[in-house]
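Coordinates from start_14.tsv are shown below (TSV, C-alpha atoms).
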chain	number	residue	atom	x	y	z
A	233	MET	CA	-20.88	214.95	50.88
A	234	TRP	CA	-21.25	211.30	51.91
A	235	ASN	CA	-24.83	210.05	52.17
A	236	LEU	CA	-25.34	207.60	55.04
A	237	ASN	CA	-28.57	206.74	56.84
A	238	TYR	CA	-27.51	207.74	60.34
A	239	ASP	CA	-30.88	206.63	61.74
A	240	SER	CA	-30.29	202.95	60.93
A	241	PRO	CA	-28.09	200.72	63.13
A	242	LYS	CA	-28.11	198.12	60.35
A	243	GLU	CA	-26.78	200.65	57.83
A	244	ILE	CA	-24.14	201.89	60.27
A	245	GLU	CA	-23.09	198.33	61.04
A	246	ARG	CA	-22.88	197.53	57.31
A	247	VAL	CA	-20.56	200.49	56.70
A	248	LEU	CA	-18.40	199.56	59.67
A	249	ASN	CA	-18.05	196.02	58.36
A	250	GLU	CA	-17.29	197.17	54.81
A	251	LYS	CA	-14.58	199.53	56.01
A	252	GLY	CA	-13.13	197.07	58.50
A	253	LEU	CA	-14.01	199.32	61.44
A	254	ALA	CA	-15.29	198.43	64.88
A	255	MET	CA	-16.84	200.19	67.85
A	256	SER	CA	-14.44	200.70	70.71
A	257	LYS	CA	-15.54	200.35	74.34
A	258	LYS	CA	-12.31	202.10	75.29
A	259	PHE	CA	-13.48	205.27	73.53
A	260	GLY	CA	-17.04	205.00	74.87
A	261	GLN	CA	-18.60	205.21	71.41
A	262	ASN	CA	-22.39	205.41	71.14
A	263	PHE	CA	-23.96	206.88	67.97
A	264	LEU	CA	-26.93	209.24	68.29
A	265	ILE	CA	-29.37	207.54	65.89
A	266	SER	CA	-32.40	209.66	66.77
A	267	PRO	CA	-33.05	212.13	63.92
A	268	GLU	CA	-35.20	214.29	66.19
A	269	GLY	CA	-32.48	214.27	68.84
A	270	ARG	CA	-29.85	215.41	66.33
A	271	LYS	CA	-32.13	218.10	64.90
A	272	ARG	CA	-32.92	219.44	68.35
A	273	LEU	CA	-29.24	219.51	69.24
A	274	ILE	CA	-28.46	221.56	66.12
A	275	ASP	CA	-31.34	223.94	66.85
A	276	LEU	CA	-30.02	224.52	70.37
A	277	MET	CA	-26.71	225.74	68.92
A	278	GLU	CA	-28.28	228.88	67.42
A	279	LEU	CA	-25.98	228.72	64.40
A	280	GLU	CA	-25.35	231.36	61.79
A	281	LYS	CA	-23.66	230.99	58.42
A	282	GLY	CA	-19.89	231.30	58.63
A	283	MET	CA	-19.64	230.63	62.38
A	284	LYS	CA	-16.47	228.93	63.59
A	285	VAL	CA	-17.50	225.66	65.27
A	286	TRP	CA	-15.58	222.88	66.99
A	287	GLU	CA	-17.05	219.39	67.20
A	288	ILE	CA	-15.60	216.90	69.68
A	289	GLY	CA	-16.03	213.23	68.78
A	290	PRO	CA	-17.81	213.23	65.39
A	291	GLY	CA	-17.83	209.41	65.07
A	292	LEU	CA	-19.17	208.65	61.61
A	293	GLY	CA	-20.32	212.23	61.08
A	294	ALA	CA	-24.05	212.29	61.85
A	295	ILE	CA	-23.88	215.71	63.53
A	296	THR	CA	-20.98	216.79	61.31
A	297	HIS	CA	-23.22	216.30	58.27
A	298	MET	CA	-25.89	218.59	59.72
A	299	LEU	CA	-23.40	221.23	60.84
A	300	LEU	CA	-21.93	221.51	57.35
A	301	LYS	CA	-25.41	221.97	55.92
A	302	GLU	CA	-25.64	225.05	58.14
A	303	GLU	CA	-22.57	226.41	56.26
A	304	VAL	CA	-20.40	226.84	59.33
A	305	CYS	CA	-16.60	226.62	59.38
A	306	LEU	CA	-16.14	223.31	61.15
A	307	THR	CA	-13.18	221.70	62.89
A	308	SER	CA	-13.80	218.18	64.22
A	309	PHE	CA	-11.62	216.29	66.70
A	310	GLU	CA	-11.68	212.49	66.40
A	311	ILE	CA	-9.63	210.01	68.44
A	312	ASP	CA	-10.46	206.85	66.45
A	313	HIS	CA	-8.00	206.45	63.56
A	314	GLY	CA	-10.44	204.45	61.43
A	315	PHE	CA	-13.28	206.92	61.87
A	316	ALA	CA	-10.91	209.83	61.23
A	317	SER	CA	-9.74	208.31	57.95
A	318	LEU	CA	-13.32	207.73	56.85
A	319	LEU	CA	-14.38	211.29	57.68
A	320	ARG	CA	-11.33	212.91	56.10
A	321	ASP	CA	-10.90	210.74	52.98
A	322	VAL	CA	-14.46	209.63	52.17
A	323	ALA	CA	-17.34	211.30	53.96
A	324	PHE	CA	-16.31	214.95	53.79
A	325	ASN	CA	-13.26	214.97	51.54
A	326	ASP	CA	-14.83	217.55	49.21
A	327	GLU	CA	-15.96	219.96	51.95
A	328	GLU	CA	-13.96	223.22	51.94
A	329	ASN	CA	-15.32	224.28	55.34
A	330	PHE	CA	-14.32	221.04	57.07
A	331	ASP	CA	-11.07	220.39	58.92
A	332	LEU	CA	-10.26	217.25	60.90
A	333	VAL	CA	-7.82	216.97	63.79
A	334	GLU	CA	-7.00	213.34	64.50
A	335	GLY	CA	-6.06	212.23	68.00
A	336	ASP	CA	-7.26	212.43	71.58
A	337	ALA	CA	-9.00	215.80	71.94
A	338	LEU	CA	-7.88	215.92	75.58
A	339	LYS	CA	-4.37	216.26	74.17
A	340	THR	CA	-4.76	217.85	70.71
A	341	LEU	CA	-7.07	220.62	71.93
A	342	PHE	CA	-4.73	221.77	74.67
A	343	LYS	CA	-1.33	221.05	73.16
A	344	LYS	CA	-1.26	224.58	71.88
A	345	LYS	CA	-3.83	227.33	71.87
A	346	LEU	CA	-5.89	227.03	68.71
A	347	LEU	CA	-6.77	230.58	67.75
A	348	PRO	CA	-9.13	232.14	67.17
A	349	LEU	CA	-11.38	230.29	69.58
A	350	PRO	CA	-14.69	229.11	68.11
A	351	GLU	CA	-18.08	230.65	68.59
A	352	ARG	CA	-19.59	227.25	69.36
A	353	ILE	CA	-18.35	223.91	70.73
A	354	VAL	CA	-20.52	220.80	70.37
A	355	GLY	CA	-20.06	217.14	71.08
A	356	ASN	CA	-21.73	213.81	71.75
A	357	LEU	CA	-19.17	213.20	74.49
A	358	PRO	CA	-18.13	209.72	75.64
A	359	TYR	CA	-19.40	209.02	79.14
A	360	ASN	CA	-15.95	208.10	80.42
A	361	VAL	CA	-14.38	211.49	79.60
A	362	GLY	CA	-17.25	213.96	79.24
A	363	SER	CA	-16.80	215.77	82.56
A	364	VAL	CA	-13.00	215.74	82.17
A	365	MET	CA	-13.25	217.39	78.74
A	366	ILE	CA	-15.60	220.13	79.94
A	367	GLY	CA	-13.44	220.76	83.00
A	368	LYS	CA	-10.32	221.13	80.86
A	369	LEU	CA	-12.06	223.51	78.46
A	370	ILE	CA	-13.00	225.80	81.34
A	371	GLU	CA	-9.70	225.56	83.21
A	372	ASN	CA	-7.82	226.40	80.00
A	373	SER	CA	-10.13	229.40	79.31
A	374	TYR	CA	-11.69	227.91	76.17
A	375	LEU	CA	-14.86	229.89	76.77
A	376	PRO	CA	-17.00	230.36	73.64
A	377	PRO	CA	-20.39	232.07	73.88
A	378	LEU	CA	-22.24	228.74	73.67
A	379	MET	CA	-21.44	225.06	74.18
A	380	VAL	CA	-23.84	222.16	73.64
A	381	PHE	CA	-23.03	218.62	74.79
A	382	THR	CA	-24.67	215.23	75.01
A	383	LEU	CA	-23.66	213.65	78.31
A	384	GLN	CA	-24.63	211.07	80.87
A	385	ARG	CA	-27.74	212.42	82.64
A	386	GLU	CA	-26.10	212.39	86.07
A	387	VAL	CA	-23.28	214.63	84.79
A	388	VAL	CA	-25.82	217.15	83.49
A	389	ASP	CA	-27.61	217.00	86.86
A	390	ARG	CA	-24.35	217.97	88.56
A	391	MET	CA	-23.81	220.83	86.10
A	392	THR	CA	-27.26	222.29	86.74
A	393	SER	CA	-27.57	221.75	90.51
A	394	LYS	CA	-27.62	224.54	93.08
A	395	PRO	CA	-26.01	224.98	96.53
A	396	GLY	CA	-27.58	222.65	99.07
A	397	GLU	CA	-28.81	220.12	96.49
A	398	ASP	CA	-27.63	216.51	96.53
A	399	ASP	CA	-25.86	216.72	93.16
A	400	TYR	CA	-23.99	219.94	93.94
A	401	SER	CA	-20.24	219.40	93.71
A	402	SER	CA	-16.95	221.07	92.79
A	403	PHE	CA	-17.83	220.28	89.15
A	404	SER	CA	-21.08	222.23	89.56
A	405	VAL	CA	-19.12	225.25	90.73
A	406	LEU	CA	-16.45	224.89	88.04
A	407	THR	CA	-18.95	224.72	85.19
A	408	GLN	CA	-21.12	227.53	86.54
A	409	MET	CA	-18.34	230.12	87.02
A	410	ASP	CA	-18.65	231.25	83.41
A	411	TYR	CA	-21.82	229.57	82.19
A	412	GLU	CA	-25.52	229.25	82.87
A	413	ASN	CA	-26.19	225.54	82.35
A	414	LYS	CA	-29.55	224.15	81.29
A	415	LEU	CA	-30.75	220.60	80.80
A	416	SER	CA	-32.42	221.18	77.45
A	417	LEU	CA	-33.22	217.69	76.18
A	418	LYS	CA	-33.55	214.23	77.72
A	419	LEU	CA	-32.41	211.35	75.53
A	420	PRO	CA	-33.67	207.83	76.34
A	421	LYS	CA	-31.33	204.88	75.87
A	422	GLY	CA	-33.03	203.96	72.59
A	423	CYS	CA	-31.76	207.17	70.99
A	424	PHE	CA	-28.30	205.61	70.80
A	425	TRP	CA	-26.61	202.64	69.18
A	426	PRO	CA	-25.17	200.62	70.76
A	427	GLN	CA	-27.68	201.28	73.51
A	428	PRO	CA	-25.92	202.54	76.67
A	429	ASN	CA	-26.72	201.42	80.21
A	430	VAL	CA	-27.38	204.98	81.37
A	431	GLU	CA	-29.76	207.79	80.53
A	432	SER	CA	-28.43	210.76	78.57
A	433	ALA	CA	-29.23	214.44	78.26
A	434	VAL	CA	-28.22	217.52	76.32
A	435	VAL	CA	-26.83	220.44	78.29
A	436	VAL	CA	-26.67	223.95	76.87
A	437	MET	CA	-23.94	226.13	78.38
A	438	LYS	CA	-24.56	229.83	77.76
A	439	LYS	CA	-21.75	232.16	78.74
A	440	ARG	CA	-22.48	234.71	81.44
A	441	ASP	CA	-22.02	238.41	80.75
A	442	THR	CA	-19.98	238.62	83.96
A	443	PRO	CA	-18.20	235.57	85.40
A	444	LEU	CA	-18.98	234.61	88.99
A	445	VAL	CA	-15.27	234.19	89.76
A	446	PRO	CA	-12.76	236.79	88.44
A	447	LEU	CA	-10.14	235.33	86.10
A	448	GLY	CA	-7.28	236.57	88.28
A	449	LEU	CA	-8.59	234.61	91.26
A	450	ARG	CA	-8.77	231.23	89.51
A	451	PRO	CA	-5.21	229.95	90.01
A	452	VAL	CA	-6.01	229.94	93.74
A	453	PHE	CA	-9.77	229.35	93.56
A	454	ILE	CA	-9.82	226.13	91.50
A	455	PRO	CA	-7.36	224.13	93.66
A	456	LEU	CA	-9.13	225.45	96.78
A	457	LEU	CA	-12.44	224.32	95.33
A	458	ARG	CA	-11.20	220.75	94.99
A	459	ASP	CA	-9.96	220.79	98.58
A	460	LEU	CA	-13.27	222.08	99.94
A	461	PHE	CA	-15.28	219.34	98.21
A	462	HIS	CA	-12.70	216.58	98.72
A	463	GLN	CA	-14.95	214.55	101.04
A	464	ARG	CA	-18.60	215.58	101.03
A	465	ARG	CA	-19.40	214.35	104.52
A	466	LYS	CA	-16.60	216.32	106.11
A	467	THR	CA	-16.77	219.95	107.20
A	468	ILE	CA	-14.75	222.48	105.25
A	469	ARG	CA	-12.38	222.77	108.22
A	470	ASN	CA	-11.60	219.05	108.10
A	471	ASN	CA	-11.19	219.09	104.34
A	472	LEU	CA	-8.88	222.10	104.50
A	473	ASN	CA	-6.83	220.52	107.27
A	474	SER	CA	-6.16	217.60	104.90
A	475	SER	CA	-5.11	219.94	102.10
A	476	LEU	CA	-2.20	222.24	101.27
A	477	TYR	CA	-3.44	224.70	103.89
A	478	GLY	CA	-3.34	221.95	106.49
A	479	ASN	CA	0.30	221.36	105.62
A	480	LEU	CA	0.94	225.00	106.48
A	481	GLY	CA	-0.56	224.42	109.91
A	482	LYS	CA	-4.00	224.54	111.48
A	483	GLU	CA	-3.44	228.19	112.30
A	484	LYS	CA	-3.48	229.03	108.58
A	485	VAL	CA	-6.72	227.12	108.12
A	486	GLU	CA	-8.32	229.01	111.00
A	487	GLU	CA	-7.03	232.30	109.59
A	488	LEU	CA	-8.51	231.49	106.20
A	489	LEU	CA	-11.88	230.65	107.74
A	490	SER	CA	-11.85	233.75	109.94
A	491	ARG	CA	-11.04	236.10	107.07
A	492	SER	CA	-13.86	234.51	105.06
A	493	GLY	CA	-16.42	234.96	107.81
A	494	LEU	CA	-17.01	231.22	108.19
A	495	THR	CA	-17.05	228.96	111.25
A	496	GLY	CA	-15.45	225.99	109.51
A	497	ASN	CA	-18.35	223.70	110.47
A	498	GLU	CA	-20.08	224.25	107.14
A	499	ARG	CA	-20.06	221.65	104.39
A	500	ALA	CA	-18.90	222.74	100.96
A	501	GLU	CA	-22.16	221.91	99.17
A	502	ALA	CA	-24.00	224.36	101.44
A	503	LEU	CA	-21.74	227.34	100.68
A	504	SER	CA	-23.13	230.22	98.66
A	505	TRP	CA	-21.24	231.73	95.75
A	506	ASP	CA	-20.41	234.75	97.91
A	507	SER	CA	-18.84	232.48	100.54
A	508	LEU	CA	-16.83	230.55	97.96
A	509	VAL	CA	-15.50	233.73	96.40
A	510	ARG	CA	-14.62	235.18	99.83
A	511	LEU	CA	-12.68	231.99	100.59
A	512	GLY	CA	-10.81	232.35	97.30
A	513	GLU	CA	-10.02	236.02	97.95
A	514	SER	CA	-8.81	235.25	101.48
A	515	ALA	CA	-6.65	232.39	100.19
A	516	LEU	CA	-5.12	234.73	97.62
A	517	GLU	CA	-4.39	237.35	100.29
A	518	ILE	CA	-2.73	234.78	102.53
A	519	SER	CA	-0.61	233.40	99.70
A	520	ARG	CA	0.57	236.91	98.76
A	521	GLU	CA	1.42	237.73	102.36
A	522	ALA	CA	3.50	234.56	102.57
A	523	LEU	CA	5.76	235.69	99.68
As structure tokens - that is how I would like this structure written.
Amino acid sequence: MWNLNYDSPKEIERVLNEKGLAMSKKFGQNFLISPEGRKRLIDLMELEKGMKVWEIGPGLGAITHMLLKEEVCLTSFEIDHGFASLLRDVAFNDEENFDLVEGDALKTLFKKKLLPLPERIVGNLPYNVGSVMIGKLIENSYLPPLMVFTLQREVVDRMTSKPGEDDYSSFSVLTQMDYENKLSLKLPKGCFWPQPNVESAVVVMKKRDTPLVPLGLRPVFIPLLRDLFHQRRKTIRNNLNSSLYGNLGKEKVEELLSRSGLTGNERAEALSWDSLVRLGESALEISREAL
């Protein structure tokens, strides 16, 4: 296994220069140089020997190195061709439990179902795609027992917020359908190199025993969710009137609200889980009746 001082920006920069590699703003690359931060992240994963783990965005392999020491079966997804070559051909070329998938994880992960699904997913996710990646994992039913991600702090705040709170959004609902989310570690800017302009945090996503939204309801529920939260300052009636249901006529919107026991004057961020699920069930009933 390759031995690199992942705590030292100077050492990382030296290796990048030697290998003719460069950081890419396009990929949102920031290395986690805090040894305590990396150790805490690994501890939060609750790993056991032989576990199947996916790592999204390994970079130069700081977390990869620690995962392999835990003797897990690791698959890493790296978009940067130079980093991928270094990981595959130099850093971990002698590791039997390491597999690398090169390319954009937003495409390679979902091109075909990679089975069996892992027991853990981890990643120091780029700020520009972190929420998109998590959303796609959930919408595609990639639902391992535990996921641990480093993200922009405001994204974690959205994932952990409750109905009625300022940060509550459709993304809050989406990520909480199957998971209990917890902000488990705050990471100051100095924990990263290059230093980002935003604060970061680690979120732990622990899968619920029973999902809050039944799987069979989701093809209707998820698009409806986006419609309800489309414009935060608008009532759910106004948002729905601007959506697919509005195209069917205001009568359908009123029918949907009536069946759900709502007035339509509510705002989406104030709706309880029970109300959201009732809306989804009513939307499903109406769509079936229309067939």
Taking 6 positions as the minimum chain separation for residues in the same chain, which residues sit within 12 Å of Asn237 in chain A when counting all atoms listed in the file? Answer as a ChimeraX atom specification.
/A:243-247,264-267,292-294,297
Selected residue, from A:Arg390, A:Lys439, A:Arg270, A:Lys339, that lies nearest to Ile311 in chain A when counting all atoms listed in the file
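That would be A:Lys339, the residue with the smallest distance to Ile311 in chain A.
From CA of Lys394 in chain A back to CA of Arg510 in chain A, the distance works out to 18.1 Å.
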So, with all atoms listed in the file as the atoms that count, which of A:Met379, A:Pro348, A:Ile518, A:Tyr359 lies closest to Glu487 in chain A?
A:Ile518
Gln384 in chain A environment, 9 Å, all atoms listed in the file, sequence neighbours closer than 4 positions dropped, as a ChimeraX atom specification:
/A:357-359,362,388-389,430-434
